[in-house]
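**Q** One file is attached below, data-v6.cif, containing mmCIF, C-alpha atoms and all ligand atoms.
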```cif
data_data
#
loop_
_atom_site.group_PDB
_atom_site.id
_atom_site.type_symbol
_atom_site.label_atom_id
_atom_site.label_comp_id
_atom_site.auth_asym_id
_atom_site.auth_seq_id
_atom_site.Cartn_x
_atom_site.Cartn_y
_atom_site.Cartn_z
ATOM 1 C CA MET W 1 -9.300 3.360 -14.251
ATOM 2 C CA THR W 2 -5.698 2.238 -14.483
ATOM 3 C CA THR W 3 -3.193 4.696 -15.823
ATOM 4 C CA SER W 4 -0.914 3.266 -18.467
ATOM 5 C CA THR W 5 2.540 2.749 -17.083
ATOM 6 C CA ALA W 6 4.982 2.857 -19.928
ATOM 7 C CA VAL W 7 8.401 3.177 -18.380
ATOM 8 C CA LEU W 8 9.742 6.505 -19.437
ATOM 9 C CA PRO W 9 13.342 7.618 -19.272
ATOM 10 C CA ALA W 10 14.122 9.215 -15.946
ATOM 11 C CA ALA W 11 12.624 12.665 -16.183
ATOM 12 C CA ARG W 12 14.261 15.634 -14.594
ATOM 13 C CA THR W 13 13.161 16.354 -11.079
ATOM 14 C CA ALA W 14 9.973 18.348 -11.284
ATOM 15 C CA ALA W 15 10.159 21.888 -10.012
ATOM 16 C CA LYS W 16 7.826 22.087 -7.045
ATOM 17 C CA THR W 17 6.442 25.379 -8.171
ATOM 18 C CA GLY W 18 4.607 25.865 -11.424
ATOM 19 C CA ARG W 19 3.139 22.396 -11.630
ATOM 20 C CA ALA W 20 -0.507 21.580 -11.062
ATOM 21 C CA ALA W 21 0.017 18.336 -9.158
ATOM 22 C CA LYS W 22 0.864 18.188 -5.474
ATOM 23 C CA VAL W 23 2.589 15.066 -4.252
ATOM 24 C CA ILE W 24 1.649 13.600 -0.873
ATOM 25 C CA VAL W 25 3.741 10.720 0.453
ATOM 26 C CA VAL W 26 2.544 8.444 3.257
ATOM 27 C CA LEU W 27 5.697 7.536 5.127
ATOM 28 C CA GLN W 28 6.555 5.726 8.367
ATOM 29 C CA GLN W 29 9.566 3.524 8.943
ATOM 30 C CA LYS W 30 7.482 0.978 10.816
ATOM 31 C CA GLY W 31 5.206 -1.406 8.938
ATOM 32 C CA GLY W 32 1.651 -1.920 10.132
ATOM 33 C CA ALA W 33 0.883 1.655 11.229
ATOM 34 C CA GLY W 34 -1.646 2.065 8.423
ATOM 35 C CA LYS W 35 0.209 3.598 5.476
ATOM 36 C CA THR W 36 -1.547 1.605 2.764
ATOM 37 C CA THR W 37 -4.964 1.986 4.408
ATOM 38 C CA ILE W 38 -4.454 5.744 4.715
ATOM 39 C CA ALA W 39 -3.114 6.188 1.176
ATOM 40 C CA VAL W 40 -6.011 4.294 -0.435
ATOM 41 C CA ASN W 41 -8.809 5.796 1.659
ATOM 42 C CA THR W 42 -7.489 9.359 1.573
ATOM 43 C CA ALA W 43 -7.267 9.059 -2.216
ATOM 44 C CA ALA W 44 -10.857 7.750 -2.222
ATOM 45 C CA CYS W 45 -12.086 10.706 -0.133
ATOM 46 C CA ALA W 46 -10.147 13.215 -2.230
ATOM 47 C CA GLY W 47 -11.440 11.535 -5.391
ATOM 48 C CA ARG W 48 -15.049 11.645 -4.235
ATOM 49 C CA SER W 49 -14.852 15.381 -3.643
ATOM 50 C CA ALA W 50 -12.700 16.219 -6.682
ATOM 51 C CA VAL W 51 -14.237 18.247 -9.444
ATOM 52 C CA LEU W 52 -13.511 16.843 -12.856
ATOM 53 C CA SER W 53 -12.285 19.774 -14.899
ATOM 54 C CA ASN W 54 -14.372 19.110 -18.010
ATOM 55 C CA GLY W 55 -16.192 15.871 -17.263
ATOM 56 C CA ASP W 56 -14.131 14.191 -19.971
ATOM 57 C CA GLU W 57 -13.372 10.684 -18.699
ATOM 58 C CA SER W 58 -10.514 10.242 -21.161
ATOM 59 C CA VAL W 59 -8.514 12.943 -19.394
ATOM 60 C CA GLY W 60 -8.142 10.861 -16.250
ATOM 61 C CA SER W 61 -8.912 11.619 -12.651
ATOM 62 C CA PRO W 62 -7.242 14.604 -10.981
ATOM 63 C CA ILE W 63 -6.421 12.229 -8.112
ATOM 64 C CA VAL W 64 -3.803 9.525 -8.564
ATOM 65 C CA ALA W 65 -2.672 6.920 -6.044
ATOM 66 C CA ALA W 66 0.562 5.014 -6.410
ATOM 67 C CA GLY W 67 2.604 2.599 -4.367
ATOM 68 C CA ILE W 68 6.331 2.179 -4.613
ATOM 69 C CA ASP W 69 6.755 -1.208 -3.063
ATOM 70 C CA VAL W 70 7.658 -4.220 -5.162
ATOM 71 C CA GLN W 71 4.838 -6.282 -3.647
ATOM 72 C CA GLY W 72 2.348 -3.671 -4.812
ATOM 73 C CA SER W 73 -0.220 -3.850 -2.000
ATOM 74 C CA LEU W 74 -1.856 -0.551 -3.021
ATOM 75 C CA GLU W 75 -2.181 -1.638 -6.652
ATOM 76 C CA LYS W 76 -3.603 -5.041 -5.695
ATOM 77 C CA TRP W 77 -6.171 -3.383 -3.446
ATOM 78 C CA CYS W 78 -7.179 -0.916 -6.169
ATOM 79 C CA ALA W 79 -7.362 -3.684 -8.775
ATOM 80 C CA ALA W 80 -9.864 -5.508 -6.543
ATOM 81 C CA VAL W 81 -12.205 -2.479 -6.369
ATOM 82 C CA ARG W 82 -15.113 -2.406 -8.842
ATOM 83 C CA GLU W 83 -14.038 0.018 -11.541
ATOM 84 C CA GLU W 84 -17.092 2.270 -11.226
ATOM 85 C CA ALA W 85 -16.460 2.530 -7.457
ATOM 86 C CA LEU W 86 -12.873 3.756 -7.826
ATOM 87 C CA PRO W 87 -12.885 7.570 -7.751
ATOM 88 C CA PHE W 88 -9.190 7.915 -8.611
ATOM 89 C CA ASP W 89 -6.579 6.549 -10.996
ATOM 90 C CA TYR W 90 -3.773 4.380 -9.774
ATOM 91 C CA LEU W 91 -0.355 3.701 -11.015
ATOM 92 C CA VAL W 92 1.732 0.542 -10.929
ATOM 93 C CA THR W 93 5.395 1.313 -10.335
ATOM 94 C CA LYS W 94 6.836 -1.843 -8.752
ATOM 95 C CA SER W 95 9.611 0.399 -7.429
ATOM 96 C CA LYS W 96 10.692 1.465 -10.924
ATOM 97 C CA THR W 97 12.101 4.950 -10.984
ATOM 98 C CA GLY W 98 11.234 7.385 -13.787
ATOM 99 C CA ILE W 99 7.455 6.799 -13.829
ATOM 100 C CA LEU W 100 6.465 9.241 -11.126
ATOM 101 C CA PRO W 101 8.253 12.375 -12.394
ATOM 102 C CA SER W 102 6.292 12.205 -15.674
ATOM 103 C CA ILE W 103 2.936 11.893 -13.882
ATOM 104 C CA VAL W 104 3.855 14.827 -11.668
ATOM 105 C CA GLU W 105 4.224 16.998 -14.793
ATOM 106 C CA ASP W 106 0.782 16.031 -16.150
ATOM 107 C CA PRO W 107 -1.345 19.214 -16.021
ATOM 108 C CA ASP W 108 -4.557 17.184 -15.509
ATOM 109 C CA ARG W 109 -3.368 15.732 -12.208
ATOM 110 C CA ARG W 110 -3.953 17.635 -8.979
ATOM 111 C CA ARG W 111 -3.073 15.239 -6.163
ATOM 112 C CA ILE W 112 -0.716 12.276 -6.263
ATOM 113 C CA ILE W 113 -0.882 10.190 -3.108
ATOM 114 C CA ILE W 114 1.945 7.742 -2.652
ATOM 115 C CA ASP W 115 2.076 4.690 -0.437
ATOM 116 C CA THR W 116 5.518 3.535 0.637
ATOM 117 C CA PRO W 117 6.827 0.372 2.237
ATOM 118 C CA GLY W 118 8.383 0.483 5.686
ATOM 119 C CA PHE W 119 12.055 1.182 5.058
ATOM 120 C CA MET W 120 13.804 -1.522 7.001
ATOM 121 C CA ASP W 121 17.162 -1.356 5.300
ATOM 122 C CA VAL W 122 18.300 1.465 7.522
ATOM 123 C CA ASP W 123 21.960 1.396 8.500
ATOM 124 C CA PRO W 124 21.856 1.351 12.325
ATOM 125 C CA ASP W 125 25.393 2.780 12.481
ATOM 126 C CA ALA W 126 24.738 5.666 10.090
ATOM 127 C CA GLU W 127 25.813 9.077 11.332
ATOM 128 C CA TRP W 128 22.954 11.281 12.592
ATOM 129 C CA GLY W 129 23.256 13.574 9.579
ATOM 130 C CA ALA W 130 23.630 10.778 7.013
ATOM 131 C CA ASP W 131 20.822 9.679 4.707
ATOM 132 C CA PRO W 132 19.343 6.619 6.447
ATOM 133 C CA LEU W 133 17.424 5.219 3.488
ATOM 134 C CA GLY W 134 20.016 2.648 2.482
ATOM 135 C CA GLU W 135 20.873 1.110 -0.882
ATOM 136 C CA SER W 136 18.153 -0.777 -2.706
ATOM 137 C CA ARG W 137 15.698 -0.457 -5.540
ATOM 138 C CA THR W 138 13.009 0.593 -3.074
ATOM 139 C CA ALA W 139 15.326 3.106 -1.409
ATOM 140 C CA ASP W 140 16.002 4.680 -4.831
ATOM 141 C CA ALA W 141 12.255 4.812 -5.544
ATOM 142 C CA LEU W 142 11.694 6.399 -2.143
ATOM 143 C CA ARG W 143 14.380 9.031 -2.782
ATOM 144 C CA GLU W 144 12.703 9.872 -6.075
ATOM 145 C CA VAL W 145 9.345 10.347 -4.315
ATOM 146 C CA LEU W 146 10.882 12.497 -1.593
ATOM 147 C CA GLU W 147 12.475 14.751 -4.199
ATOM 148 C CA VAL W 148 9.056 15.753 -5.525
ATOM 149 C CA ALA W 149 7.011 15.482 -2.308
ATOM 150 C CA ASP W 150 5.032 18.542 -1.176
ATOM 151 C CA LEU W 151 3.742 16.932 2.020
ATOM 152 C CA ALA W 152 4.284 13.767 4.040
ATOM 153 C CA ILE W 153 1.598 12.057 6.091
ATOM 154 C CA VAL W 154 3.144 10.117 8.977
ATOM 155 C CA PRO W 155 0.890 7.626 10.785
ATOM 156 C CA ILE W 156 1.361 6.854 14.462
ATOM 157 C CA THR W 157 -0.655 4.559 16.730
ATOM 158 C CA PRO W 158 -1.756 5.028 20.352
ATOM 159 C CA SER W 159 0.380 1.950 21.047
ATOM 160 C CA LYS W 160 4.007 3.009 21.599
ATOM 161 C CA ILE W 161 5.229 0.470 19.092
ATOM 162 C CA THR W 162 5.302 3.103 16.313
ATOM 163 C CA TRP W 163 6.462 6.191 18.225
ATOM 164 C CA ASP W 164 10.238 5.881 17.815
ATOM 165 C CA GLU W 165 9.830 5.183 14.122
ATOM 166 C CA CYS W 166 7.513 8.168 13.736
ATOM 167 C CA GLU W 167 10.172 10.404 15.254
ATOM 168 C CA PHE W 168 12.923 8.789 13.180
ATOM 169 C CA THR W 169 10.923 9.285 9.981
ATOM 170 C CA ILE W 170 10.386 12.956 10.767
ATOM 171 C CA GLU W 171 13.786 13.858 12.222
ATOM 172 C CA ARG W 172 16.030 11.792 9.954
ATOM 173 C CA VAL W 173 14.176 11.659 6.655
ATOM 174 C CA LEU W 174 11.675 14.529 6.374
ATOM 175 C CA LYS W 175 13.190 17.464 8.262
ATOM 176 C CA PRO W 176 16.636 17.205 6.594
ATOM 177 C CA ARG W 177 14.862 17.389 3.220
ATOM 178 C CA GLY W 178 12.620 20.267 4.258
ATOM 179 C CA ILE W 179 9.441 18.312 3.496
ATOM 180 C CA PRO W 180 6.371 19.574 5.439
ATOM 181 C CA PHE W 181 4.615 16.790 7.306
ATOM 182 C CA LEU W 182 1.398 15.940 9.070
ATOM 183 C CA VAL W 183 1.103 13.286 11.761
ATOM 184 C CA VAL W 184 -2.095 11.245 11.902
ATOM 185 C CA ILE W 185 -3.053 8.979 14.772
ATOM 186 C CA ASN W 186 -4.423 5.707 13.466
ATOM 187 C CA MET W 187 -6.127 2.810 15.260
ATOM 188 C CA HIS W 188 -7.611 4.613 18.219
ATOM 189 C CA ASP W 189 -9.962 1.995 19.643
ATOM 190 C CA PRO W 190 -13.033 3.801 21.034
ATOM 191 C CA SER W 191 -14.337 0.637 22.722
ATOM 192 C CA LYS W 192 -11.079 -0.265 24.530
ATOM 193 C CA ASP W 193 -9.746 3.244 25.224
ATOM 194 C CA LYS W 194 -13.049 4.560 26.588
ATOM 195 C CA HIS W 195 -11.474 7.293 28.693
ATOM 196 C CA GLU W 196 -9.057 8.196 25.917
ATOM 197 C CA THR W 197 -6.071 7.643 28.231
ATOM 198 C CA GLN W 198 -3.869 6.237 25.477
ATOM 199 C CA LEU W 199 -5.147 8.728 22.954
ATOM 200 C CA THR W 200 -4.349 11.649 25.264
ATOM 201 C CA LYS W 201 -0.805 10.303 25.762
ATOM 202 C CA VAL W 202 -0.033 10.014 22.096
ATOM 203 C CA LYS W 203 -1.495 13.459 21.390
ATOM 204 C CA ALA W 204 0.711 14.920 24.168
ATOM 205 C CA TRP W 205 3.786 13.142 22.755
ATOM 206 C CA ILE W 206 3.138 14.632 19.301
ATOM 207 C CA ASP W 207 2.378 18.113 20.662
ATOM 208 C CA GLU W 208 5.524 18.148 22.856
ATOM 209 C CA ARG W 209 7.503 17.828 19.653
ATOM 210 C CA ASN W 210 5.483 20.519 17.897
ATOM 211 C CA TYR W 211 4.586 18.159 15.091
ATOM 212 C CA PRO W 212 1.481 19.245 13.190
ATOM 213 C CA ARG W 213 -1.226 16.601 13.487
ATOM 214 C CA VAL W 214 -4.723 15.843 12.312
ATOM 215 C CA SER W 215 -6.960 16.979 15.187
ATOM 216 C CA ASP W 216 -8.706 13.676 15.753
ATOM 217 C CA PRO W 217 -7.635 10.087 15.180
ATOM 218 C CA ILE W 218 -8.664 7.493 12.664
ATOM 219 C CA ARG W 219 -10.590 5.015 14.751
ATOM 220 C CA ARG W 220 -9.945 1.294 14.738
ATOM 221 C CA TYR W 221 -12.785 -0.631 13.132
ATOM 222 C CA THR W 222 -12.886 -4.266 12.094
ATOM 223 C CA ILE W 223 -14.464 -3.164 8.819
ATOM 224 C CA HIS W 224 -11.061 -1.712 7.772
ATOM 225 C CA GLU W 225 -9.271 -4.985 8.399
ATOM 226 C CA HIS W 226 -11.136 -6.728 5.582
ATOM 227 C CA ALA W 227 -11.132 -3.848 3.122
ATOM 228 C CA TYR W 228 -8.027 -5.015 1.304
ATOM 229 C CA GLU W 229 -9.218 -8.537 0.535
ATOM 230 C CA ASN W 230 -12.772 -7.369 -0.163
ATOM 231 C CA GLY W 231 -11.607 -4.602 -2.500
ATOM 232 C CA THR W 232 -13.605 -1.951 -0.652
ATOM 233 C CA LEU W 233 -12.933 1.709 0.008
ATOM 234 C CA VAL W 234 -14.161 3.743 2.963
ATOM 235 C CA THR W 235 -16.315 5.703 0.512
ATOM 236 C CA GLU W 236 -18.081 2.468 -0.461
ATOM 237 C CA TYR W 237 -18.765 0.838 2.922
ATOM 238 C CA LYS W 238 -22.332 -0.350 3.335
ATOM 239 C CA MET W 239 -24.171 2.350 5.244
ATOM 240 C CA SER W 240 -24.040 2.024 9.038
ATOM 241 C CA GLY W 241 -23.028 4.141 12.016
ATOM 242 C CA THR W 242 -19.542 2.670 11.898
ATOM 243 C CA ALA W 243 -19.279 3.310 8.173
ATOM 244 C CA LEU W 244 -20.172 6.969 8.687
ATOM 245 C CA ASN W 245 -17.624 7.354 11.481
ATOM 246 C CA ALA W 246 -14.982 5.592 9.416
ATOM 247 C CA ARG W 247 -15.637 7.857 6.452
ATOM 248 C CA GLU W 248 -15.535 10.942 8.625
ATOM 249 C CA ASP W 249 -12.081 9.909 9.908
ATOM 250 C CA PHE W 250 -10.573 9.697 6.444
ATOM 251 C CA MET W 251 -12.443 12.762 5.158
ATOM 252 C CA ARG W 252 -10.830 14.684 8.041
ATOM 253 C CA VAL W 253 -7.391 13.488 6.947
ATOM 254 C CA ALA W 254 -8.093 14.527 3.340
ATOM 255 C CA LEU W 255 -9.346 17.942 4.456
ATOM 256 C CA THR W 256 -6.391 18.601 6.776
ATOM 257 C CA MET W 257 -4.057 17.523 3.996
ATOM 258 C CA GLU W 258 -5.676 20.090 1.685
ATOM 259 C CA GLN W 259 -5.167 22.820 4.282
ATOM 260 C CA MET W 260 -1.458 21.991 4.466
ATOM 261 C CA LEU W 261 -0.891 22.182 0.700
HETATM 262 N N1 LIG W 301 -8.046 2.199 11.475
HETATM 263 C C1 LIG W 301 -7.904 0.878 11.345
HETATM 264 N N2 LIG W 301 -8.792 0.020 11.912
HETATM 265 C C2 LIG W 301 -8.641 -1.306 11.802
HETATM 266 N N3 LIG W 301 -7.647 -1.903 11.126
HETATM 267 C C3 LIG W 301 -6.722 -1.112 10.534
HETATM 268 C C4 LIG W 301 -6.807 0.314 10.600
HETATM 269 N N4 LIG W 301 -5.743 0.812 9.912
HETATM 270 C C5 LIG W 301 -5.062 -0.235 9.431
HETATM 271 N N5 LIG W 301 -5.630 -1.398 9.793
HETATM 272 C C6 LIG W 301 -5.174 -2.780 9.517
HETATM 273 O O1 LIG W 301 -3.857 -2.914 10.056
HETATM 274 C C7 LIG W 301 -3.012 -3.631 9.181
HETATM 275 C C8 LIG W 301 -1.835 -2.747 8.773
HETATM 276 O O2 LIG W 301 -2.317 -1.657 8.012
HETATM 277 P P1 LIG W 301 -1.598 -1.205 6.667
HETATM 278 O O3 LIG W 301 -2.382 -0.093 6.097
HETATM 279 O O4 LIG W 301 -1.322 -2.376 5.796
HETATM 280 O O5 LIG W 301 -0.216 -0.654 7.282
HETATM 281 P P2 LIG W 301 1.197 -0.376 6.545
HETATM 282 O O6 LIG W 301 0.902 -0.117 5.117
HETATM 283 O O7 LIG W 301 1.759 0.804 7.269
HETATM 284 O O8 LIG W 301 2.026 -1.602 6.769
HETATM 285 C C9 LIG W 301 -3.882 -4.051 8.011
HETATM 286 O O9 LIG W 301 -4.344 -5.350 8.251
HETATM 287 C C10 LIG W 301 -5.036 -3.065 8.040
HETATM 288 O O10 LIG W 301 -6.230 -3.628 7.531
HETATM 289 MG MG MG W 302 1.659 -1.026 3.410
#
```
Could you take the file, read its structure, and then write that structure out as structure tokens?

**A**
Amino acid sequence: MTTSTAVLPAARTAAKTGRAAKVIVVLQQKGGAGKTTIAVNTAACAGRSAVLSNGDESVGSPIVAAGIDVQGSLEKWCAAVREEALPFDYLVTKSKTGILPSIVEDPDRRRIIIDTPGFMDVDPDAEWGADPLGESRTADALREVLEVADLAIVPITPSKITWDECEFTIERVLKPRGIPFLVVINMHDPSKDKHETQLTKVKAWIDERNYPRVSDPIRRYTIHEHAYENGTLVTEYKMSGTALNAREDFMRVALTMEQML
């Protein structure tokens, strides 16, 4: 189901209390850590276990996924999924502001999971206390999301390539705004990191900083790499041992997310 996306006038910032919907933003300055994969599959897991309030299809799913990047990778992925296999609604924003605040006020929505692009337009000379999001259409869309966010999910990989950006995202963007966050390790390769040496290191790095994290990682499986072009969701993978493990990984993220809300 696609939610209609009439562009509404910028709504007032939703009060975080008193609304039914909780907003979860998947955020990490670095591209390639798994934001889109996590947003889509966590929405799929949440959607599969969501209880429709009255079974009335016209009301819409309590779970909504949205992306705020102009390229629209989340929307393209969702559009490629067979409609009957998509257990959530998705929203096309193309970085337009004003759409999200109205969805957040919809009493039929319970969880709004938002994919974001890596924010590369950071001013490297910005003061430590300054807002590092920069000036662009996407930066404005990101600010709008952060204003209504109840929780951020920040992916990190066992490879150190994402660690600095994980810390930057938390220390410079989330903490100053008082947004609770949850770190999730993505792309642990059980066949290459047999003794979990790399996994143990990244867990220790996260724990040293007292960042809350999902207990176990999302494992790296080739099956995920083709999910975007095949229009598949982790909840729809053809049954196999790998498929079960893969589903368990994202179910764990969805469950931990629920505990944080
Ligand atoms: N757990 C995983 N196992 C295997 N491939 C993954 C996994 N997570 C992400 N990928 C792949 O890594 C690439 C980057 O992931 P993506 O979700 O697009 O990251 P981002 O949105 O942060 O840029 C994609 O090709 C995706 O299919
Ligand atoms: Mg992405």

**Q** Just to confirm, what's the straight-line distance from CA of Glu248 (chain W) to CA of Ile24 (chain W) in Å (one decimal)?

**A** 19.8 Å

**Q** To verify the selection step, state as a PDB file with C-alpha atoms, in the frame of the given file which residues the PyMOL selection byres (((chain W and resi 157-160) around 9) and not hetatm) yields on this input.

**A**
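What landed in expr_0.pdb:
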```pdb
ATOM      1  CA  ALA W  33       0.883   1.655  11.229  1.00  0.00           C
ATOM      2  CA  GLY W  34      -1.646   2.065   8.423  1.00  0.00           C
ATOM      3  CA  PRO W 155       0.890   7.626  10.785  1.00  0.00           C
ATOM      4  CA  ILE W 156       1.361   6.854  14.462  1.00  0.00           C
ATOM      5  CA  ILE W 161       5.229   0.470  19.092  1.00  0.00           C
ATOM      6  CA  THR W 162       5.302   3.103  16.313  1.00  0.00           C
ATOM      7  CA  TRP W 163       6.462   6.191  18.225  1.00  0.00           C
ATOM      8  CA  ASP W 164      10.238   5.881  17.815  1.00  0.00           C
ATOM      9  CA  VAL W 184      -2.095  11.245  11.902  1.00  0.00           C
ATOM     10  CA  ILE W 185      -3.053   8.979  14.772  1.00  0.00           C
ATOM     11  CA  ASN W 186      -4.423   5.707  13.466  1.00  0.00           C
ATOM     12  CA  MET W 187      -6.127   2.810  15.260  1.00  0.00           C
ATOM     13  CA  HIS W 188      -7.611   4.613  18.219  1.00  0.00           C
ATOM     14  CA  ASP W 189      -9.962   1.995  19.643  1.00  0.00           C
ATOM     15  CA  GLN W 198      -3.869   6.237  25.477  1.00  0.00           C
ATOM     16  CA  LEU W 199      -5.147   8.728  22.954  1.00  0.00           C
ATOM     17  CA  THR W 200      -4.349  11.649  25.264  1.00  0.00           C
ATOM     18  CA  LYS W 201      -0.805  10.303  25.762  1.00  0.00           C
ATOM     19  CA  VAL W 202      -0.033  10.014  22.096  1.00  0.00           C
ATOM     20  CA  LYS W 203      -1.495  13.459  21.390  1.00  0.00           C
TER      21      LYS W 203
END
```

**Q** Under the rule of at most 10 Å, produce a per-residue listing of chain W near ligand MG 302 (chain W): chain, number, name, the closest pair of atoms, and the distance in Å, as a Markdown table, using only C-alpha atoms and all ligand atoms.

**A**
```
| residue | atom | partner | partner_atom | distance |
| --- | --- | --- | --- | --- |
| W:Val26 | CA | W:MG302 | MG | 9.5 |
| W:Leu27 | CA | W:MG302 | MG | 9.6 |
| W:Gln28 | CA | W:MG302 | MG | 9.7 |
| W:Lys30 | CA | W:MG302 | MG | 9.6 |
| W:Gly31 | CA | W:MG302 | MG | 6.6 |
| W:Gly32 | CA | W:MG302 | MG | 6.8 |
| W:Ala33 | CA | W:MG302 | MG | 8.3 |
| W:Gly34 | CA | W:MG302 | MG | 6.8 |
| W:Lys35 | CA | W:MG302 | MG | 5.3 |
| W:Thr36 | CA | W:MG302 | MG | 4.2 |
| W:Thr37 | CA | W:MG302 | MG | 7.3 |
| W:Ile38 | CA | W:MG302 | MG | 9.2 |
| W:Ala39 | CA | W:MG302 | MG | 8.9 |
| W:Gly67 | CA | W:MG302 | MG | 8.6 |
| W:Ile68 | CA | W:MG302 | MG | 9.8 |
| W:Asp69 | CA | W:MG302 | MG | 8.2 |
| W:Gln71 | CA | W:MG302 | MG | 9.4 |
| W:Gly72 | CA | W:MG302 | MG | 8.7 |
| W:Ser73 | CA | W:MG302 | MG | 6.4 |
| W:Leu74 | CA | W:MG302 | MG | 7.3 |
| W:Asp115 | CA | W:MG302 | MG | 6.9 |
| W:Thr116 | CA | W:MG302 | MG | 6.6 |
| W:Pro117 | CA | W:MG302 | MG | 5.5 |
| W:Gly118 | CA | W:MG302 | MG | 7.3 |
```

**Q** Might you pull out every residue within 9 Å of Ala79 (chain W), with only C-alpha atoms counted and same-chain residues fewer than 3 positions away left off, and present them as a ChimeraX atom specification?

**A** /W:2,74-76,82-83,90,231

**Q** What does the distance from CA of Asp89 (chain W) to CA of Val64 (chain W) come to in Å, to one decimal?

**A**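 These atoms are spaced 4.7 Å apart.
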
**Q** Report as a ChimeraX atom specification the residues that result from applying the PyMOL selection byres (((chain W and resi 251) around 10) and not hetatm) to the structure here.

**A** /W:41-46,48-49,218,234-235,245-250,252-257

**Q** Restricting it to C-alpha atoms, dump the selection as a PDB file, in the frame of the given file.

**A**
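Below you can see out.pdb, which holds the result:
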```pdb
ATOM      1  CA  ASN W  41      -8.809   5.796   1.659  1.00  0.00           C
ATOM      2  CA  THR W  42      -7.489   9.359   1.573  1.00  0.00           C
ATOM      3  CA  ALA W  43      -7.267   9.059  -2.216  1.00  0.00           C
ATOM      4  CA  ALA W  44     -10.857   7.750  -2.222  1.00  0.00           C
ATOM      5  CA  CYS W  45     -12.086  10.706  -0.133  1.00  0.00           C
ATOM      6  CA  ALA W  46     -10.147  13.215  -2.230  1.00  0.00           C
ATOM      7  CA  ARG W  48     -15.049  11.645  -4.235  1.00  0.00           C
ATOM      8  CA  SER W  49     -14.852  15.381  -3.643  1.00  0.00           C
ATOM      9  CA  ILE W 218      -8.664   7.493  12.664  1.00  0.00           C
ATOM     10  CA  VAL W 234     -14.161   3.743   2.963  1.00  0.00           C
ATOM     11  CA  THR W 235     -16.315   5.703   0.512  1.00  0.00           C
ATOM     12  CA  ASN W 245     -17.624   7.354  11.481  1.00  0.00           C
ATOM     13  CA  ALA W 246     -14.982   5.592   9.416  1.00  0.00           C
ATOM     14  CA  ARG W 247     -15.637   7.857   6.452  1.00  0.00           C
ATOM     15  CA  GLU W 248     -15.535  10.942   8.625  1.00  0.00           C
ATOM     16  CA  ASP W 249     -12.081   9.909   9.908  1.00  0.00           C
ATOM     17  CA  PHE W 250     -10.573   9.697   6.444  1.00  0.00           C
ATOM     18  CA  ARG W 252     -10.830  14.684   8.041  1.00  0.00           C
ATOM     19  CA  VAL W 253      -7.391  13.488   6.947  1.00  0.00           C
ATOM     20  CA  ALA W 254      -8.093  14.527   3.340  1.00  0.00           C
ATOM     21  CA  LEU W 255      -9.346  17.942   4.456  1.00  0.00           C
ATOM     22  CA  THR W 256      -6.391  18.601   6.776  1.00  0.00           C
ATOM     23  CA  MET W 257      -4.057  17.523   3.996  1.00  0.00           C
TER      24      MET W 257
END
```

**Q** Report the distance between CA of Arg19 (chain W) and CA of Leu146 (chain W) in Å, rounded to one decimal place.

**A**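 Separating CA of Arg19 (chain W) from CA of Leu146 (chain W) is a distance of 16.1 Å.
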
**Q** So, counting only C-alpha atoms and all ligand atoms, which residue among W:Arg172, W:Leu182, W:Glu165, W:His195 is closest to ligand LIG 301 (chain W)?

**A** W:Glu165

**Q** Which centre and edge lengths in Å to one decimal define the box along x, y and z that fits every listed atom of ligand LIG 301 (chain W) plus 8 Å per side, as AutoDock Vina command-line options?

**A**
```
--center_x -3.4 --center_y -1.6 --center_z 8.5 --size_x 26.8 --size_y 23.5 --size_z 22.8
```

**Q** From the set W:Glu167, W:Glu229, W:Glu236, W:Asp193, which residue has the shortest atom-to-atom contact distance to ligand LIG 301 (chain W), counting only C-alpha atoms and all ligand atoms?

**A**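 Of W:Glu167, W:Glu229, W:Glu236, W:Asp193, the one nearest ligand LIG 301 (chain W) is W:Glu229, counting only C-alpha atoms and all ligand atoms.
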
**Q** With all atoms listed in the file as the basis for distance, which of W:Arg111, W:Arg177, W:His226, W:Arg137 is at the shortest distance from ligand LIG 301 (chain W)?

**A**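 Comparing W:Arg111, W:Arg177, W:His226, W:Arg137 against ligand LIG 301 (chain W), the winner is W:His226.
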
**Q** Out of W:Leu86, W:Ile99, W:Val214, W:Leu142, which residue has the shortest atom-to-atom distance to Gly47 (chain W) when counting all atoms listed in the file?

**A**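 Using all atoms listed in the file, the shortest distance to Gly47 (chain W) belongs to W:Leu86.
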
**Q** For each of W:Ser215, W:Thr97, W:Asn210, W:Thr242, take the minimum atom-to-atom distance to ligand LIG 301 (chain W), counting all atoms listed in the file, then give the residue where this is smallest.

**A**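 Going through W:Ser215, W:Thr97, W:Asn210, W:Thr242 one by one, the smallest distance to ligand LIG 301 (chain W) is for W:Thr242.
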
**Q** My list of candidates is W:Pro62, W:Pro132, W:Gly98, W:Pro107. Which is closest to Gly18 (chain W) when distances are computed with all atoms listed in the file?

**A**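 Under the stated criterion, the closest residue is W:Pro107.
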